[in-house]
Amino acid sequence: MPEALDDVAVVGLGVMGANLARNFAHHGFKVAGFDLDAEAGRKLTALDPDAKIRIPADAVDMVKGLDRPRRIVILVNSGKAVDAVINSLDPLLEEGDVIVDAGNSYWGDTDRRDALAATRPWRFVGMGISGGSEGALLGPAMMPGGDPEAWDRLKNVLEAAAARSPSGVCVTHCGKGSAGHFVKTVHNGIEYGDMQLIAETAMLMRAGLGLSANEVADTFSAWNAGDLSSFLIEITADIFRAPDPEKPGQLLVDAIMDAAGQKGTGKWTLEAASEAAIAIPTITAAVDARIVSSRKALRVKAEAAFASKRAPLAGVDRSDLADALYASKIASYTQGFALIQAGSEMRGYGTNLAEVARIWTAGCIIRAVFLDRIRAAFASQPVPELLALAPDFAADLARRLPAWRRVVCAAMSAGYAIPGLAASLAWFDSITTARGSANVIQAQRDFFGSHTYERVDRPGVFVHTDWPRTKR
């Protein structure tokens, strides 16, 4: 009797690919794992022999061993590596086979690959995955987009491997075309904002309030039992308890250079926001903060040049910091979901915001207790124009606004860099100001460039004025 064919193949056996292959196998699927580096396959089978993952000799062997319609998940570096794998598989695949790019790919590349698939017998899916290497093994949040029929063929495998929360399995079809990678990009943008806000708050506790590392850790642990409960809050508490393995009695976090890296999805989020004309200042501030952080030597010189000194935080306590952090996090999520909605409308994705919030309730990096409330907000009728305007969240923000202002004012007065918290509050004040300062900008534009403007008493009618000029 011939051996049963494989249910799914994973191409790219780095940490993420290897763990996802193991995840599929642990859920009862027969899995093939392929990597151009043969050593990667040997390491995988040695690491988890019980998974019985088949390591084919080459791509032809892998494809021949797959049950039809074939399901092949690619987890390699974004860009040229993805194209190289697709090109190698293209002549080997048949009607109805499905290729899934599960890496952090740029959505424009996904659209290009989707267009290629439209001329081929096989189908293509761009899918974001969140949860890191542990999530890939134990259950990530997955964001597939593209061909709906391809999603139907993948559904049983992906649902088995995905994380689960009380709200359901953490995978859903995010929409047509490049929707999956677009949603994942914005997820990462929100993640940038969230991480920056938490880092600033931790810094204010230690430097501004003079708390010990243990007190900071205990504070984050306490917050993780309430409205701020989230994966990032949870791990930050652990970070402030971790000892330095090389220097007994000292903290590992204090041995880490304060220069943050990034892989590109944050900048892609800014690009998407600019294209869609959606303001995302919290996320922008987070990306900018990482860029500034990378200029360590320059920052050291600038601090010395200005003899910068920072005073203790005056007039705020930990409960104020909790309120400011919570309000700023809502600002970040509001901006992110507004961008997903705008991207969906621009590109015809048909993305369901409530479903996106639901699949982020477990498995992913930005999982947080209030995502169920976000899901409920977007599932309600009428759907809020902005998450911050949903009655539940509007009440939350109003209640925390005084503390939010106290924290930002105190931190800036004392000289602490809080770009995320400050940008979040500035965004809130901007969207809650019915008449702002843009009338002056429009007057300036018309003065020097005849760009025209609308009058308050005749909206929709654009006029130009020959502005009087002061003689010099």
# chains A, B, ... in the order shown; residues from 1 in each chain; ligands from 1
>>> residues_around(residues="Ala115 (chain A)", least_positions_apart="6", cutoff="12 Å", atoms="only C-alpha atoms", output="PyMOL selection string")
chain A and resi 108-109+122-126+146-147+176-178
>>> residues_around(residues="Ala117 (chain A)", least_positions_apart="2", cutoff="12 Å", atoms="only C-alpha atoms", output="MDAnalysis selection string")
chainID A and resid 86:87 89:90 93:100 110:115 119:126 146:147 150 177
>>> closest_atom_pairs(of="region 124-214 of chain A", to="region 67-81 of chain A", cutoff="12 Å", atoms="only C-alpha atoms", output="JSON lines")
{"residue": "A:Phe124", "atom": "CA", "partner": "A:Ile72", "partner_atom": "CA", "distance": 9.8}
{"residue": "A:Val125", "atom": "CA", "partner": "A:Val73", "partner_atom": "CA", "distance": 9.2}
{"residue": "A:Gly126", "atom": "CA", "partner": "A:Ile74", "partner_atom": "CA", "distance": 9.8}
{"residue": "A:Met127", "atom": "CA", "partner": "A:Val73", "partner_atom": "CA", "distance": 9.4}
{"residue": "A:Gly128", "atom": "CA", "partner": "A:Leu75", "partner_atom": "CA", "distance": 10.4}
{"residue": "A:Ile129", "atom": "CA", "partner": "A:Leu75", "partner_atom": "CA", "distance": 10.0}
{"residue": "A:Ser133", "atom": "CA", "partner": "A:Leu75", "partner_atom": "CA", "distance": 11.9}
{"residue": "A:Ala136", "atom": "CA", "partner": "A:Leu75", "partner_atom": "CA", "distance": 11.0}
{"residue": "A:Pro144", "atom": "CA", "partner": "A:Val73", "partner_atom": "CA", "distance": 11.4}
{"residue": "A:Glu149", "atom": "CA", "partner": "A:Pro69", "partner_atom": "CA", "distance": 11.5}
{"residue": "A:Ala150", "atom": "CA", "partner": "A:Arg71", "partner_atom": "CA", "distance": 9.2}
{"residue": "A:Trp151", "atom": "CA", "partner": "A:Arg71", "partner_atom": "CA", "distance": 10.6}
{"residue": "A:Asp152", "atom": "CA", "partner": "A:Pro69", "partner_atom": "CA", "distance": 11.3}
{"residue": "A:Arg153", "atom": "CA", "partner": "A:Pro69", "partner_atom": "CA", "distance": 7.8}
{"residue": "A:Leu154", "atom": "CA", "partner": "A:Arg71", "partner_atom": "CA", "distance": 7.2}
{"residue": "A:Lys155", "atom": "CA", "partner": "A:Arg71", "partner_atom": "CA", "distance": 10.8}
{"residue": "A:Asn156", "atom": "CA", "partner": "A:Arg71", "partner_atom": "CA", "distance": 11.4}
{"residue": "A:Val157", "atom": "CA", "partner": "A:Arg71", "partner_atom": "CA", "distance": 9.3}
{"residue": "A:Leu158", "atom": "CA", "partner": "A:Val73", "partner_atom": "CA", "distance": 10.6}
{"residue": "A:His181", "atom": "CA", "partner": "A:Ser78", "partner_atom": "CA", "distance": 11.3}
>>> residues_around(residues="Lys43 (chain A)", least_positions_apart="2", cutoff="12 Å", atoms="only C-alpha atoms", output="PDB file with N, CA and C atoms, in the first residue's frame")
ATOM      1  N   LEU A  13      12.908  26.766   6.448  1.00  0.00           N
ATOM      2  CA  LEU A  13      12.894  26.130   7.764  1.00  0.00           C
ATOM      3  C   LEU A  13      13.764  26.880   8.770  1.00  0.00           C
ATOM      4  N   GLY A  14      13.685  28.225   8.712  1.00  0.00           N
ATOM      5  CA  GLY A  14      14.236  29.022   9.796  1.00  0.00           C
ATOM      6  C   GLY A  14      13.379  28.815  11.032  1.00  0.00           C
ATOM      7  N   VAL A  15      13.553  29.642  12.040  1.00  0.00           N
ATOM      8  CA  VAL A  15      12.828  29.446  13.299  1.00  0.00           C
ATOM      9  C   VAL A  15      11.320  29.470  13.073  1.00  0.00           C
ATOM     10  N   ALA A  18      10.193  26.432  10.673  1.00  0.00           N
ATOM     11  CA  ALA A  18      10.322  25.147  11.360  1.00  0.00           C
ATOM     12  C   ALA A  18       9.239  24.982  12.415  1.00  0.00           C
ATOM     13  N   ASN A  19       8.984  26.054  13.172  1.00  0.00           N
ATOM     14  CA  ASN A  19       7.969  25.952  14.219  1.00  0.00           C
ATOM     15  C   ASN A  19       6.564  25.826  13.657  1.00  0.00           C
ATOM     16  N   GLY A  33       8.809  19.469   4.905  1.00  0.00           N
ATOM     17  CA  GLY A  33       9.561  20.689   5.179  1.00  0.00           C
ATOM     18  C   GLY A  33      10.765  20.768   4.266  1.00  0.00           C
ATOM     19  N   PHE A  34      10.877  21.893   3.533  1.00  0.00           N
ATOM     20  CA  PHE A  34      11.956  22.008   2.551  1.00  0.00           C
ATOM     21  C   PHE A  34      12.727  23.310   2.749  1.00  0.00           C
ATOM     22  N   ASP A  35      14.044  23.197   2.627  1.00  0.00           N
ATOM     23  CA  ASP A  35      14.911  24.375   2.693  1.00  0.00           C
ATOM     24  C   ASP A  35      16.116  24.096   1.797  1.00  0.00           C
ATOM     25  N   ASP A  37      18.985  24.937   2.344  1.00  0.00           N
ATOM     26  CA  ASP A  37      20.042  24.520   3.254  1.00  0.00           C
ATOM     27  C   ASP A  37      19.639  23.181   3.874  1.00  0.00           C
ATOM     28  N   ALA A  38      20.260  22.098   3.437  1.00  0.00           N
ATOM     29  CA  ALA A  38      19.883  20.762   3.913  1.00  0.00           C
ATOM     30  C   ALA A  38      20.053  20.630   5.418  1.00  0.00           C
ATOM     31  N   GLU A  39      20.977  21.400   5.989  1.00  0.00           N
ATOM     32  CA  GLU A  39      21.207  21.322   7.429  1.00  0.00           C
ATOM     33  C   GLU A  39      19.974  21.762   8.211  1.00  0.00           C
ATOM     34  N   ALA A  40      19.194  22.708   7.654  1.00  0.00           N
ATOM     35  CA  ALA A  40      17.980  23.170   8.330  1.00  0.00           C
ATOM     36  C   ALA A  40      16.988  22.023   8.492  1.00  0.00           C
ATOM     37  N   GLY A  41      16.853  21.198   7.463  1.00  0.00           N
ATOM     38  CA  GLY A  41      15.968  20.037   7.558  1.00  0.00           C
ATOM     39  C   GLY A  41      16.441  19.029   8.579  1.00  0.00           C
ATOM     40  N   THR A  45      14.293  17.759  12.028  1.00  0.00           N
ATOM     41  CA  THR A  45      13.931  16.378  12.376  1.00  0.00           C
ATOM     42  C   THR A  45      14.595  15.937  13.676  1.00  0.00           C
ATOM     43  N   ALA A  46      15.789  16.441  13.953  1.00  0.00           N
ATOM     44  CA  ALA A  46      16.459  16.103  15.213  1.00  0.00           C
ATOM     45  C   ALA A  46      15.771  16.787  16.391  1.00  0.00           C
ATOM     46  N   LEU A  47      15.295  17.998  16.169  1.00  0.00           N
ATOM     47  CA  LEU A  47      14.643  18.753  17.238  1.00  0.00           C
ATOM     48  C   LEU A  47      13.309  18.142  17.635  1.00  0.00           C
ATOM     49  N   ASP A  48      12.568  17.651  16.634  1.00  0.00           N
ATOM     50  CA  ASP A  48      11.215  17.153  16.904  1.00  0.00           C
ATOM     51  C   ASP A  48      10.966  15.882  16.091  1.00  0.00           C
ATOM     52  N   PRO A  49      11.615  14.785  16.462  1.00  0.00           N
ATOM     53  CA  PRO A  49      11.454  13.551  15.677  1.00  0.00           C
ATOM     54  C   PRO A  49      10.036  13.003  15.705  1.00  0.00           C
ATOM     55  N   ILE A  53       8.147  14.898  10.305  1.00  0.00           N
ATOM     56  CA  ILE A  53       8.120  15.790   9.147  1.00  0.00           C
ATOM     57  C   ILE A  53       9.037  15.235   8.058  1.00  0.00           C
ATOM     58  N   ILE A  55      11.421  15.401   4.950  1.00  0.00           N
ATOM     59  CA  ILE A  55      12.348  16.372   4.368  1.00  0.00           C
ATOM     60  C   ILE A  55      12.664  15.915   2.943  1.00  0.00           C
TER      61      ILE A  55
END
>>> closest_atom_pairs(of="region 171-224 of chain A", to="region 343-353 of chain A", cutoff="6 Å", atoms="only C-alpha atoms", output="Markdown table")
| residue | atom | partner | partner_atom | distance |
| --- | --- | --- | --- | --- |
| A:Cys174 | CA | A:Thr351 | CA | 5.3 |
| A:Gly175 | CA | A:Tyr349 | CA | 4.6 |
| A:Lys176 | CA | A:Tyr349 | CA | 4.6 |
| A:Ala179 | CA | A:Tyr349 | CA | 5.7 |
>>> residues_around(residues="Asp372 (chain A)", least_positions_apart="4", cutoff="10 Å", atoms="only C-alpha atoms", output="list of chain:residue names")
A:Pro166, A:Ser167, A:Ala354, A:Ala357, A:Arg358, A:Ile359, A:Trp360, A:Thr361, A:Arg367, A:Ala368, A:Ala376, A:Ala377
>>> write_last_selection(atoms="all heavy atoms", output="PDB file, in the first residue's frame")
ATOM      1  N   PRO A 166     -11.450  32.956  23.810  1.00  0.00           N
ATOM      2  CA  PRO A 166     -12.889  32.782  24.016  1.00  0.00           C
ATOM      3  C   PRO A 166     -13.732  33.316  22.864  1.00  0.00           C
ATOM      4  O   PRO A 166     -14.888  32.920  22.705  1.00  0.00           O
ATOM      5  CB  PRO A 166     -13.144  33.567  25.307  1.00  0.00           C
ATOM      6  CG  PRO A 166     -11.856  33.488  26.055  1.00  0.00           C
ATOM      7  CD  PRO A 166     -10.799  33.569  24.989  1.00  0.00           C
ATOM      8  N   SER A 167     -13.134  34.194  22.034  1.00  0.00           N
ATOM      9  CA  SER A 167     -13.865  34.754  20.889  1.00  0.00           C
ATOM     10  C   SER A 167     -13.777  33.884  19.647  1.00  0.00           C
ATOM     11  O   SER A 167     -14.419  34.178  18.643  1.00  0.00           O
ATOM     12  CB  SER A 167     -13.333  36.156  20.563  1.00  0.00           C
ATOM     13  OG  SER A 167     -13.486  37.022  21.662  1.00  0.00           O
ATOM     14  N   ALA A 354     -14.260  44.163  12.692  1.00  0.00           N
ATOM     15  CA  ALA A 354     -14.612  43.391  13.887  1.00  0.00           C
ATOM     16  C   ALA A 354     -13.892  42.045  13.880  1.00  0.00           C
ATOM     17  O   ALA A 354     -13.401  41.580  14.924  1.00  0.00           O
ATOM     18  CB  ALA A 354     -16.116  43.188  13.969  1.00  0.00           C
ATOM     19  N   ALA A 357     -10.187  42.549  14.769  1.00  0.00           N
ATOM     20  CA  ALA A 357     -10.027  42.679  16.223  1.00  0.00           C
ATOM     21  C   ALA A 357     -10.156  41.314  16.894  1.00  0.00           C
ATOM     22  O   ALA A 357      -9.415  41.000  17.839  1.00  0.00           O
ATOM     23  CB  ALA A 357     -11.056  43.655  16.774  1.00  0.00           C
ATOM     24  N   ARG A 358     -11.075  40.492  16.424  1.00  0.00           N
ATOM     25  CA  ARG A 358     -11.299  39.183  17.050  1.00  0.00           C
ATOM     26  C   ARG A 358     -10.074  38.281  16.918  1.00  0.00           C
ATOM     27  O   ARG A 358      -9.672  37.629  17.888  1.00  0.00           O
ATOM     28  CB  ARG A 358     -12.516  38.497  16.412  1.00  0.00           C
ATOM     29  CG  ARG A 358     -12.882  37.174  17.061  1.00  0.00           C
ATOM     30  CD  ARG A 358     -13.941  36.424  16.263  1.00  0.00           C
ATOM     31  NE  ARG A 358     -13.480  36.032  14.940  1.00  0.00           N
ATOM     32  CZ  ARG A 358     -12.635  35.024  14.711  1.00  0.00           C
ATOM     33  NH1 ARG A 358     -12.142  34.313  15.713  1.00  0.00           N
ATOM     34  NH2 ARG A 358     -12.264  34.727  13.465  1.00  0.00           N
ATOM     35  N   ILE A 359      -9.466  38.235  15.724  1.00  0.00           N
ATOM     36  CA  ILE A 359      -8.344  37.311  15.547  1.00  0.00           C
ATOM     37  C   ILE A 359      -7.089  37.811  16.251  1.00  0.00           C
ATOM     38  O   ILE A 359      -6.115  37.056  16.397  1.00  0.00           O
ATOM     39  CB  ILE A 359      -8.051  37.025  14.061  1.00  0.00           C
ATOM     40  CG1 ILE A 359      -7.565  38.268  13.324  1.00  0.00           C
ATOM     41  CG2 ILE A 359      -9.268  36.405  13.390  1.00  0.00           C
ATOM     42  CD1 ILE A 359      -7.058  37.986  11.917  1.00  0.00           C
ATOM     43  N   TRP A 360      -7.092  39.061  16.707  1.00  0.00           N
ATOM     44  CA  TRP A 360      -5.955  39.588  17.469  1.00  0.00           C
ATOM     45  C   TRP A 360      -6.113  39.369  18.978  1.00  0.00           C
ATOM     46  O   TRP A 360      -5.272  39.806  19.750  1.00  0.00           O
ATOM     47  CB  TRP A 360      -5.769  41.073  17.181  1.00  0.00           C
ATOM     48  CG  TRP A 360      -5.233  41.381  15.815  1.00  0.00           C
ATOM     49  CD1 TRP A 360      -4.736  40.505  14.887  1.00  0.00           C
ATOM     50  CD2 TRP A 360      -5.146  42.672  15.207  1.00  0.00           C
ATOM     51  NE1 TRP A 360      -4.345  41.164  13.748  1.00  0.00           N
ATOM     52  CE2 TRP A 360      -4.572  42.494  13.908  1.00  0.00           C
ATOM     53  CE3 TRP A 360      -5.476  43.967  15.612  1.00  0.00           C
ATOM     54  CZ2 TRP A 360      -4.338  43.564  13.046  1.00  0.00           C
ATOM     55  CZ3 TRP A 360      -5.242  45.033  14.755  1.00  0.00           C
ATOM     56  CH2 TRP A 360      -4.682  44.840  13.478  1.00  0.00           C
ATOM     57  N   THR A 361      -7.181  38.699  19.399  1.00  0.00           N
ATOM     58  CA  THR A 361      -7.399  38.514  20.831  1.00  0.00           C
ATOM     59  C   THR A 361      -6.485  37.459  21.446  1.00  0.00           C
ATOM     60  O   THR A 361      -6.400  37.343  22.674  1.00  0.00           O
ATOM     61  CB  THR A 361      -8.868  38.138  21.134  1.00  0.00           C
ATOM     62  OG1 THR A 361      -9.231  36.978  20.347  1.00  0.00           O
ATOM     63  CG2 THR A 361      -9.809  39.292  20.802  1.00  0.00           C
ATOM     64  N   ARG A 367      -1.981  41.324  21.258  1.00  0.00           N
ATOM     65  CA  ARG A 367      -3.180  40.831  21.931  1.00  0.00           C
ATOM     66  C   ARG A 367      -3.361  41.571  23.255  1.00  0.00           C
ATOM     67  O   ARG A 367      -2.409  41.794  24.000  1.00  0.00           O
ATOM     68  CB  ARG A 367      -3.104  39.328  22.148  1.00  0.00           C
ATOM     69  CG  ARG A 367      -1.926  38.835  22.960  1.00  0.00           C
ATOM     70  CD  ARG A 367      -1.911  37.307  22.936  1.00  0.00           C
ATOM     71  NE  ARG A 367      -0.876  36.691  23.732  1.00  0.00           N
ATOM     72  CZ  ARG A 367       0.310  36.308  23.278  1.00  0.00           C
ATOM     73  NH1 ARG A 367       0.623  36.540  22.008  1.00  0.00           N
ATOM     74  NH2 ARG A 367       1.183  35.728  24.074  1.00  0.00           N
ATOM     75  N   ALA A 368      -4.599  41.956  23.506  1.00  0.00           N
ATOM     76  CA  ALA A 368      -4.911  42.751  24.693  1.00  0.00           C
ATOM     77  C   ALA A 368      -6.361  42.522  25.065  1.00  0.00           C
ATOM     78  O   ALA A 368      -7.202  42.218  24.213  1.00  0.00           O
ATOM     79  CB  ALA A 368      -4.668  44.243  24.420  1.00  0.00           C
ATOM     80  N   ALA A 376     -16.471  44.337  19.571  1.00  0.00           N
ATOM     81  CA  ALA A 376     -17.880  44.670  19.808  1.00  0.00           C
ATOM     82  C   ALA A 376     -18.225  46.039  19.232  1.00  0.00           C
ATOM     83  O   ALA A 376     -19.317  46.235  18.676  1.00  0.00           O
ATOM     84  CB  ALA A 376     -18.180  44.624  21.306  1.00  0.00           C
ATOM     85  N   ALA A 377     -17.300  46.990  19.350  1.00  0.00           N
ATOM     86  CA  ALA A 377     -17.548  48.334  18.819  1.00  0.00           C
ATOM     87  C   ALA A 377     -17.748  48.302  17.316  1.00  0.00           C
ATOM     88  O   ALA A 377     -18.680  48.926  16.769  1.00  0.00           O
ATOM     89  CB  ALA A 377     -16.398  49.269  19.190  1.00  0.00           C
TER      90      ALA A 377
END
>>> atom_distance(atom1="CA of Leu36 (chain A)", atom2="CA of Ala4 (chain A)")
24.3 Å
>>> select_by_dssp(residues="region 234-385 of chain A", states="alpha helix (DSSP H)", output="PyMOL selection string")
chain A and resi 234-239+265-276+281-293+296-306+318-347+353-359+371-379
>>> decode(residues="region 48-59 of chain A", atoms="N, CA and C atoms", output="compact mmCIF listing (two decimals), in the first residue's frame")
# COMPACT_ATOMS: atom_id res chain seq x y z
N ASP A 48 12.57 17.65 16.63
CA ASP A 48 11.22 17.15 16.90
C ASP A 48 10.97 15.88 16.09
N PRO A 49 11.62 14.78 16.46
CA PRO A 49 11.45 13.55 15.68
C PRO A 49 10.04 13.00 15.71
N ASP A 50 9.30 13.28 16.78
CA ASP A 50 7.93 12.76 16.89
C ASP A 50 6.99 13.40 15.87
N ALA A 51 7.36 14.58 15.35
CA ALA A 51 6.50 15.25 14.37
C ALA A 51 6.49 14.51 13.04
N LYS A 52 7.53 13.70 12.80
CA LYS A 52 7.63 12.91 11.57
C LYS A 52 7.48 13.77 10.31
N ILE A 53 8.15 14.90 10.31
CA ILE A 53 8.12 15.79 9.15
C ILE A 53 9.04 15.23 8.06
N ARG A 54 8.50 15.10 6.86
CA ARG A 54 9.28 14.59 5.74
C ARG A 54 10.16 15.70 5.18
N ILE A 55 11.42 15.40 4.95
CA ILE A 55 12.35 16.37 4.37
C ILE A 55 12.66 15.92 2.94
N PRO A 56 11.99 16.48 1.94
CA PRO A 56 12.20 16.03 0.55
C PRO A 56 13.59 16.43 0.05
N ALA A 57 14.04 15.74 -0.97
CA ALA A 57 15.36 15.99 -1.53
C ALA A 57 15.42 17.31 -2.29
N ASP A 58 14.31 17.68 -2.93
CA ASP A 58 14.28 18.92 -3.71
C ASP A 58 12.82 19.34 -3.90
N ALA A 59 12.62 20.45 -4.60
CA ALA A 59 11.27 20.97 -4.79
C ALA A 59 10.39 20.00 -5.57
